[in-house]
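Undergrad: Provided below: coords_36.txt, containing compact mmCIF, C-alpha atoms and all ligand atoms.
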```txt
# COMPACT_ATOMS: atom_id res chain seq x y z
CA MET Q 192 0.00 0.00 0.00
CA ALA Q 193 0.96 3.54 -0.26
CA GLU Q 194 2.94 5.07 2.54
CA ILE Q 195 0.75 7.68 4.25
CA VAL Q 196 2.59 10.34 6.24
CA ILE Q 197 0.51 12.67 8.39
CA VAL Q 198 2.48 15.87 8.94
CA PRO Q 199 1.73 18.92 11.09
CA ASP Q 200 1.52 21.33 8.14
CA ALA Q 201 2.20 21.92 4.46
CA GLU Q 202 5.72 23.17 5.20
CA ALA Q 203 6.66 19.86 6.80
CA ALA Q 204 5.29 18.00 3.78
CA GLY Q 205 7.18 20.29 1.43
CA ASP Q 206 10.37 19.61 3.32
CA LEU Q 207 9.95 15.81 3.19
CA ALA Q 208 9.29 15.86 -0.54
CA ALA Q 209 12.15 18.28 -1.18
CA ARG Q 210 14.56 16.05 0.75
CA ALA Q 211 13.62 13.08 -1.42
CA ILE Q 212 14.10 15.13 -4.59
CA VAL Q 213 17.47 16.49 -3.47
CA ALA Q 214 18.65 12.94 -2.69
CA LEU Q 215 17.55 11.90 -6.17
CA ILE Q 216 19.38 14.80 -7.87
CA GLU Q 217 22.51 14.05 -5.85
CA ARG Q 218 22.44 10.56 -7.32
CA ARG Q 219 21.55 11.70 -10.83
CA GLY Q 220 22.13 15.29 -11.95
CA ASP Q 221 19.78 14.84 -14.92
CA ALA Q 222 16.86 13.46 -12.88
CA VAL Q 223 13.39 13.78 -14.40
CA LEU Q 224 10.84 15.52 -12.19
CA GLY Q 225 7.08 15.31 -12.71
CA LEU Q 226 5.77 18.76 -11.87
CA ALA Q 227 2.35 19.67 -10.55
CA THR Q 228 0.72 23.11 -10.47
CA GLY Q 229 -1.98 24.60 -8.23
CA SER Q 230 -1.42 25.70 -4.62
CA THR Q 231 -0.49 22.30 -3.20
CA PRO Q 232 3.06 21.77 -4.55
CA LEU Q 233 4.25 25.30 -3.75
CA PRO Q 234 5.73 24.34 -0.33
CA VAL Q 235 7.76 21.64 -2.10
CA TYR Q 236 9.22 24.14 -4.57
CA ARG Q 237 9.98 26.59 -1.76
CA ALA Q 238 11.73 23.92 0.33
CA LEU Q 239 13.57 22.69 -2.73
CA ALA Q 240 14.91 26.18 -3.48
CA GLU Q 241 16.36 26.25 0.07
CA ARG Q 242 17.65 22.69 0.24
CA ALA Q 243 19.11 22.70 -3.27
CA ALA Q 244 20.92 26.00 -2.80
CA GLY Q 245 24.40 24.46 -3.22
CA LEU Q 246 23.34 22.02 -5.93
CA ASP Q 247 23.67 22.46 -9.70
CA LEU Q 248 20.18 21.94 -11.13
CA ALA Q 249 20.97 22.97 -14.71
CA ARG Q 250 20.69 19.39 -16.02
CA VAL Q 251 17.46 18.51 -14.16
CA ARG Q 252 14.60 17.79 -16.52
CA GLY Q 253 10.89 18.28 -15.87
CA PHE Q 254 7.47 17.47 -17.30
CA ALA Q 255 4.34 19.25 -16.13
CA LEU Q 256 1.17 17.23 -15.64
CA ASP Q 257 -1.23 19.41 -17.55
CA GLU Q 258 -1.98 22.66 -19.34
CA TYR Q 259 -5.11 24.64 -20.14
CA VAL Q 260 -6.37 24.59 -23.72
CA GLY Q 261 -7.48 27.95 -25.12
CA LEU Q 262 -5.40 30.10 -22.77
CA ASP Q 263 -2.56 32.15 -24.26
CA PRO Q 264 0.70 30.50 -23.08
CA ALA Q 265 1.82 34.03 -22.10
CA HIS Q 266 -1.20 34.41 -19.75
CA PRO Q 267 0.10 34.54 -16.15
CA GLU Q 268 -2.12 31.57 -15.19
CA SER Q 269 -1.12 29.30 -18.06
CA TYR Q 270 0.76 26.41 -16.48
CA ARG Q 271 3.75 27.27 -18.68
CA SER Q 272 3.85 30.67 -16.92
CA VAL Q 273 3.20 29.15 -13.48
CA ILE Q 274 5.98 26.58 -13.93
CA ARG Q 275 8.39 29.29 -15.11
CA ARG Q 276 7.51 31.55 -12.14
CA GLU Q 277 7.29 28.92 -9.38
CA VAL Q 278 9.81 26.31 -10.50
CA ILE Q 279 12.21 27.17 -13.34
CA GLU Q 280 13.24 30.63 -12.15
CA PRO Q 281 13.51 30.07 -8.38
CA LEU Q 282 15.37 26.76 -8.82
CA GLY Q 283 17.55 27.87 -11.72
CA LEU Q 284 16.40 25.06 -14.02
CA THR Q 285 17.14 25.19 -17.75
CA PRO Q 286 13.88 26.33 -19.42
CA GLU Q 287 14.34 24.09 -22.50
CA LEU Q 288 14.61 21.01 -20.26
CA VAL Q 289 11.28 21.67 -18.56
CA ARG Q 290 8.27 20.80 -20.69
CA THR Q 291 4.56 21.53 -20.36
CA PRO Q 292 1.91 19.77 -22.47
CA PRO Q 293 1.77 21.66 -25.80
CA ALA Q 294 -1.86 22.79 -25.50
CA ASP Q 295 -1.38 25.49 -28.15
CA ASP Q 296 -0.31 22.90 -30.74
CA PRO Q 297 -2.48 23.23 -33.88
CA ASP Q 298 -2.70 19.43 -33.98
CA LEU Q 299 -4.16 18.83 -30.52
CA GLN Q 300 -5.35 15.37 -31.49
CA THR Q 301 -1.79 14.04 -31.60
CA ALA Q 302 -0.09 16.52 -29.25
CA GLY Q 303 -0.59 14.23 -26.26
CA GLU Q 304 0.98 11.30 -28.02
CA ARG Q 305 4.04 13.39 -28.82
CA TYR Q 306 4.27 14.57 -25.19
CA ASP Q 307 4.18 10.97 -23.94
CA ALA Q 308 6.90 10.13 -26.45
CA GLU Q 309 9.05 12.95 -25.06
CA ILE Q 310 8.61 11.60 -21.53
CA ARG Q 311 9.56 8.14 -22.72
CA ALA Q 312 12.60 9.49 -24.59
CA ALA Q 313 13.74 11.18 -21.36
CA GLY Q 314 13.70 7.76 -19.69
CA GLY Q 315 10.47 8.34 -17.78
CA VAL Q 316 9.66 10.41 -14.71
CA ASP Q 317 11.64 9.66 -11.53
CA VAL Q 318 9.43 11.46 -9.01
CA GLN Q 319 5.95 12.66 -9.87
CA LEU Q 320 4.42 15.31 -7.62
CA LEU Q 321 0.63 15.22 -7.48
CA GLY Q 322 -2.08 17.40 -5.98
CA ILE Q 323 -5.62 16.09 -5.73
CA GLY Q 324 -8.79 17.89 -6.82
CA THR Q 325 -11.79 18.09 -4.50
CA ASP Q 326 -13.49 15.85 -7.09
CA GLY Q 327 -10.65 13.32 -6.84
CA HIS Q 328 -8.79 14.22 -10.00
CA ILE Q 329 -5.03 13.90 -10.42
CA GLY Q 330 -3.55 15.86 -13.27
CA PHE Q 331 -6.83 16.94 -14.84
CA ASN Q 332 -8.13 13.38 -15.06
CA GLU Q 333 -11.68 14.02 -14.00
CA PRO Q 334 -14.04 11.33 -12.63
CA GLY Q 335 -14.67 8.68 -15.26
CA SER Q 336 -11.13 8.86 -16.69
CA SER Q 337 -9.72 5.56 -17.87
CA PHE Q 338 -6.91 4.09 -15.78
CA ALA Q 339 -5.20 3.31 -19.09
CA SER Q 340 -5.51 6.86 -20.42
CA ARG Q 341 -2.61 8.66 -22.08
CA THR Q 342 -1.98 12.39 -22.43
CA ARG Q 343 -5.05 13.84 -24.15
CA VAL Q 344 -7.61 16.63 -24.18
CA LYS Q 345 -10.14 16.55 -21.33
CA THR Q 346 -13.10 18.72 -20.37
CA LEU Q 347 -12.85 20.25 -16.89
CA THR Q 348 -15.73 19.59 -14.50
CA ARG Q 349 -17.77 22.51 -13.18
CA GLN Q 350 -16.27 21.74 -9.77
CA THR Q 351 -12.70 22.08 -11.06
CA ARG Q 352 -13.51 25.31 -12.90
CA ALA Q 353 -15.08 26.70 -9.70
CA ASP Q 354 -12.07 25.56 -7.61
CA ASN Q 355 -9.64 27.24 -10.02
CA ALA Q 356 -11.67 30.46 -10.44
CA ARG Q 357 -9.58 31.97 -7.61
CA PHE Q 358 -6.64 32.25 -10.00
CA PHE Q 359 -8.61 34.33 -12.53
CA ASP Q 360 -10.24 37.80 -12.46
CA ASP Q 361 -13.48 36.45 -13.88
CA PRO Q 362 -14.70 32.86 -13.29
CA GLU Q 363 -15.77 32.76 -16.95
CA GLU Q 364 -12.11 33.11 -17.87
CA VAL Q 365 -11.28 29.63 -16.50
CA PRO Q 366 -10.72 27.46 -19.57
CA ARG Q 367 -13.09 24.57 -20.26
CA HIS Q 368 -10.53 22.17 -21.65
CA CYS Q 369 -7.03 21.00 -20.90
CA LEU Q 370 -4.31 18.73 -22.20
CA THR Q 371 -3.42 16.40 -19.32
CA GLN Q 372 -1.20 13.41 -18.77
CA GLY Q 373 -3.41 10.35 -18.56
CA LEU Q 374 -3.68 8.08 -15.53
CA GLY Q 375 -1.74 5.45 -17.50
CA THR Q 376 1.00 8.03 -18.15
CA ILE Q 377 1.14 9.09 -14.49
CA LEU Q 378 1.30 5.48 -13.27
CA GLU Q 379 4.50 4.98 -15.29
CA ALA Q 380 6.45 7.40 -13.08
CA ARG Q 381 8.79 5.53 -10.73
CA HIS Q 382 7.67 7.26 -7.51
CA LEU Q 383 4.39 9.10 -6.93
CA VAL Q 384 4.23 11.75 -4.21
CA LEU Q 385 0.68 12.93 -3.62
CA LEU Q 386 0.19 15.93 -1.35
CA ALA Q 387 -3.05 17.27 0.12
CA PHE Q 388 -3.76 19.95 2.68
CA GLY Q 389 -6.94 21.17 4.36
CA GLU Q 390 -10.37 19.85 5.23
CA GLY Q 391 -11.60 20.40 1.67
CA LYS Q 392 -9.40 17.53 0.47
CA ALA Q 393 -10.23 15.06 3.29
CA GLU Q 394 -12.97 13.17 1.46
CA ALA Q 395 -10.98 12.88 -1.79
CA VAL Q 396 -7.92 11.66 0.16
CA ARG Q 397 -9.99 9.05 2.00
CA GLY Q 398 -11.36 7.74 -1.28
CA ALA Q 399 -7.97 7.76 -2.99
CA VAL Q 400 -6.22 5.86 -0.21
CA GLU Q 401 -8.88 3.69 1.44
CA GLY Q 402 -11.78 3.57 -0.98
CA PRO Q 403 -12.31 1.15 -3.84
CA VAL Q 404 -10.18 1.57 -6.95
CA THR Q 405 -12.65 3.27 -9.24
CA ALA Q 406 -12.65 5.56 -12.25
CA MET Q 407 -15.19 7.65 -10.31
CA LEU Q 408 -12.27 8.69 -8.11
CA PRO Q 409 -9.28 8.92 -10.45
CA ALA Q 410 -6.78 9.42 -7.61
CA SER Q 411 -7.62 5.90 -6.40
CA ALA Q 412 -5.39 4.79 -9.31
CA ILE Q 413 -2.43 5.39 -6.97
CA GLN Q 414 -3.39 2.12 -5.23
CA LEU Q 415 -2.16 0.31 -8.35
CA HIS Q 416 1.35 1.78 -8.09
CA PRO Q 417 4.17 0.04 -6.18
CA HIS Q 418 5.85 3.19 -4.79
CA VAL Q 419 3.51 5.90 -3.56
CA THR Q 420 3.96 8.43 -0.78
CA VAL Q 421 0.94 10.42 0.41
CA LEU Q 422 1.82 13.52 2.45
CA VAL Q 423 -1.19 15.02 4.24
CA ASP Q 424 -1.77 17.51 7.03
CA GLU Q 425 -4.10 16.69 9.95
CA ALA Q 426 -7.13 18.28 8.25
CA ALA Q 427 -6.70 16.36 4.99
CA ALA Q 428 -6.12 13.17 7.03
CA SER Q 429 -9.18 13.71 9.22
CA ARG Q 430 -11.39 11.09 7.47
CA LEU Q 431 -8.77 8.33 7.25
CA GLU Q 432 -9.94 5.20 9.01
CA LEU Q 433 -6.42 3.82 9.55
CA ALA Q 434 -4.80 7.12 10.63
CA GLU Q 435 -3.38 5.62 13.84
CA TYR Q 436 -1.81 2.78 11.90
CA TYR Q 437 -0.19 5.24 9.45
CA ARG Q 438 1.21 7.23 12.37
CA ASP Q 439 2.60 4.10 14.07
CA THR Q 440 4.14 2.91 10.82
CA TYR Q 441 5.88 6.20 10.10
CA ALA Q 442 7.04 6.62 13.72
CA GLY Q 443 8.65 3.16 13.56
CA LYS Q 444 10.54 3.84 10.35
CA PRO Q 445 14.33 4.03 10.49
CA ALA Q 446 15.59 7.59 10.04
CA TRP Q 447 17.81 6.72 7.08
CA GLN Q 448 15.00 5.34 4.98
CA GLY Q 449 13.44 8.51 3.51
CA ILE Q 450 10.13 8.41 1.67
P1 LIG G 501 -4.75 22.77 -5.65
O1 LIG G 501 -5.29 21.85 -6.84
O2 LIG G 501 -3.38 22.32 -5.37
O3 LIG G 501 -4.77 24.18 -6.18
O4 LIG G 501 -5.69 22.54 -4.50
C1 LIG G 501 -5.05 20.48 -6.77
C2 LIG G 501 -5.46 19.84 -8.07
O5 LIG G 501 -6.44 20.29 -8.68
O6 LIG G 501 -4.82 18.86 -8.46
```
Show the structure stored in the file as structure tokens.
TA:
Amino acid sequence: MAEIVIVPDAEAAGDLAARAIVALIERRGDAVLGLATGSTPLPVYRALAERAAGLDLARVRGFALDEYVGLDPAHPESYRSVIRREVIEPLGLTPELVRTPPADDPDLQTAGERYDAEIRAAGGVDVQLLGIGTDGHIGFNEPGSSFASRTRVKTLTRQTRADNARFFDDPEEVPRHCLTQGLGTILEARHLVLLAFGEGKAEAVRGAVEGPVTAMLPASAIQLHPHVTVLVDEAAASRLELAEYYRDTYAGKPAWQGI
């Protein structure tokens, strides 16, 4: 099963994830990171900027999970812009080595296939950071997504558009479509690190970790992966039936082991 770590706050989760990523980059300077957007991964990027201060990150490669369709890539809320602002610039990554799904490609039908091919050519993702939507999505794989899905165009749910309206001046501005890595694509990453903070995520986290594996809750796909770490604060962990067991397990783990 996934390793569930209940941490006091988002900063502690960010630090744990950043430590794992730094250890990876120390082993392999050209590590491939799977990058998530939204509010959730920000503490990871902040901790990484601190912890990686003495490290050369110029060869690190990255692939973002998703991108809006129909939003100018230069728009400040396009995920290309977000990744540049929150990840590439603060960490000093090489912009050409960090890719976002090409949602402005005139041939959208095959753009996903080409993105998956790029990930494959890079040798696959070493560590994939994941947030979780209140509707249980990972990437933008909304309820009903196939567990075998590849990078493709999806329609955002009303819930997701409402959740993301906070990033835009006008809720109508939130795009209706996206190009997102599929669940099948995400499951190919070697290590999945799912983070969730706050009461609003508690039900989705419970379903993802302890519920049945079902396309109705796309994040439950993580149960099919052999190396998953779930980092949650107390509020996001509040509906977990086995919370005490997760705490005991983590408390009994040798310090050297990492996540
Ligand atoms: P959030 O979004 O990090 O902004 O809460 C998570 C997601 O939709 O995956």
Undergrad: Could you please extract the residues within 6 Å of ligand LIG 501 (chain G), counting only C-alpha atoms and all ligand atoms, and hand them back as a list in words?
TA: Gly229, Ser230, Thr231, Gly322, Ile323, Gly324, Ile329 and Gly330 of chain Q
Undergrad: With only C-alpha atoms as the counted atoms, please give the residues lying no more than 6 Å from region 424-439 of chain Q, apart from itself and same-chain residues fewer than 5 positions off, as a list of chain:residue names.
TA: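 In the requested form, the answer reads Q:Ile195, Q:Ile197, Q:Val198, Q:Pro199, Q:Asp200, Q:Phe388, Q:Gly389, Q:Glu390, Q:Lys392, Q:Ala393, Q:Arg397.
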Undergrad: Calculated over only C-alpha atoms, which of the candidates Q:Val384, Q:Leu378, Q:Cys369, Q:Leu347 has the smallest distance to Leu299 (chain Q)?
TA: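 Of all the options, Q:Cys369 lies closest to Leu299 (chain Q).
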Undergrad: Residues within 12 Å of region 411-416 of chain Q, please, as a ChimeraX atom specification. Count all atoms listed in the file; anything in the same chain fewer than 5 positions from it doesn't count.
TA: /Q:192-195,319,321,323,326-330,332-340,373-385,394-406,421
Undergrad: Using Å and a single decimal, report how far CA of Glu268 (chain Q) sits from CA of Phe358 (chain Q).
TA: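 Between these atoms lies a distance of 6.9 Å.
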Undergrad: For the contact check between region 253-320 of chain Q and region 237-241 of chain Q, emit one row per residue of region 253-320 of chain Q within 9 Å, containing the shortest atom pair and the distance in Å rounded to one decimal, counting only C-alpha atoms, chain then rising number order, as JSON lines.
TA:
```
{"residue": "Q:Glu277", "atom": "CA", "partner": "Q:Arg237", "partner_atom": "CA", "distance": 8.4}
{"residue": "Q:Val278", "atom": "CA", "partner": "Q:Ala240", "partner_atom": "CA", "distance": 8.7}
{"residue": "Q:Pro281", "atom": "CA", "partner": "Q:Ala240", "partner_atom": "CA", "distance": 6.4}
{"residue": "Q:Leu282", "atom": "CA", "partner": "Q:Ala240", "partner_atom": "CA", "distance": 5.4}
{"residue": "Q:Gly283", "atom": "CA", "partner": "Q:Ala240", "partner_atom": "CA", "distance": 8.8}
```
Undergrad: Got time to write the residues from that selection, C-alpha atoms, as a PDB file, keeping the file's coordinate frame?
TA:
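Saved the output as selection.pdb:
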```pdb
ATOM      1  CA  GLU Q 277       7.290  28.920  -9.380  1.00  0.00           C
ATOM      2  CA  VAL Q 278       9.810  26.310 -10.500  1.00  0.00           C
ATOM      3  CA  PRO Q 281      13.510  30.070  -8.380  1.00  0.00           C
ATOM      4  CA  LEU Q 282      15.370  26.760  -8.820  1.00  0.00           C
ATOM      5  CA  GLY Q 283      17.550  27.870 -11.720  1.00  0.00           C
TER       6      GLY Q 283
END
```
Undergrad: Axis-aligned box over every listed atom of region 416-430 of chain Q, padded by 8 Å per side: centre and edges in Å to one decimal, as AutoDock Vina command-line options?
TA:
```
--center_x -2.8 --center_y 9.2 --center_z 0.9 --size_x 33.2 --size_y 34.2 --size_z 34.0
```
Undergrad: Could you produce a table of the residues of region 335-383 of chain Q lying within 7 Å of region 251-262 of chain Q, with the nearest pair of atoms per residue and their separation in Å rounded to one decimal, using only C-alpha atoms, ordered by chain and increasing residue number, as a Markdown table?
TA:
```
| residue | atom | partner | partner_atom | distance |
| --- | --- | --- | --- | --- |
| Q:Pro366 | CA | Q:Tyr259 | CA | 6.3 |
| Q:His368 | CA | Q:Val260 | CA | 5.2 |
| Q:Cys369 | CA | Q:Tyr259 | CA | 4.2 |
| Q:Leu370 | CA | Q:Glu258 | CA | 5.4 |
| Q:Thr371 | CA | Q:Asp257 | CA | 4.1 |
| Q:Gln372 | CA | Q:Leu256 | CA | 5.5 |
```
Undergrad: Can you tell me how far CA of Arg250 (chain Q) sits from CA of Ala387 (chain Q), in Å to one decimal?
TA: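 Between CA of Arg250 (chain Q) and CA of Ala387 (chain Q) the gap is 28.8 Å.
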Undergrad: Which polymer residues have any atom within 9 Å of an atom of region 300-312 of chain Q, counting all atoms listed in the file, with same-chain residues fewer than 2 positions away left out, as a list in words?
TA: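 Selected residues are Val223, Phe254, Arg290, Thr291, Pro292, Pro293, Ala294, Asp296, Pro297, Asp298, Gly314, Gly315, Val316, Arg341, Thr342, Arg343, Val344, Leu370, Thr371, Gln372 and Thr376 of chain Q.
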Undergrad: Starting from the point (15.2, 10.5, -6.3), work out which residues of protein, DNA or RNA have an atom no more than 12 Å away when counting all atoms listed in the file; state them as a ChimeraX atom specification.
TA: /Q:208-225,251,316-320,380-384,418,449-450
Undergrad: In Å, with one decimal, what is the gap from CA of Ser272 (chain Q) to CA of Ala203 (chain Q)?
TA: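 For CA of Ser272 (chain Q) relative to CA of Ala203 (chain Q), the distance reads 26.2 Å.
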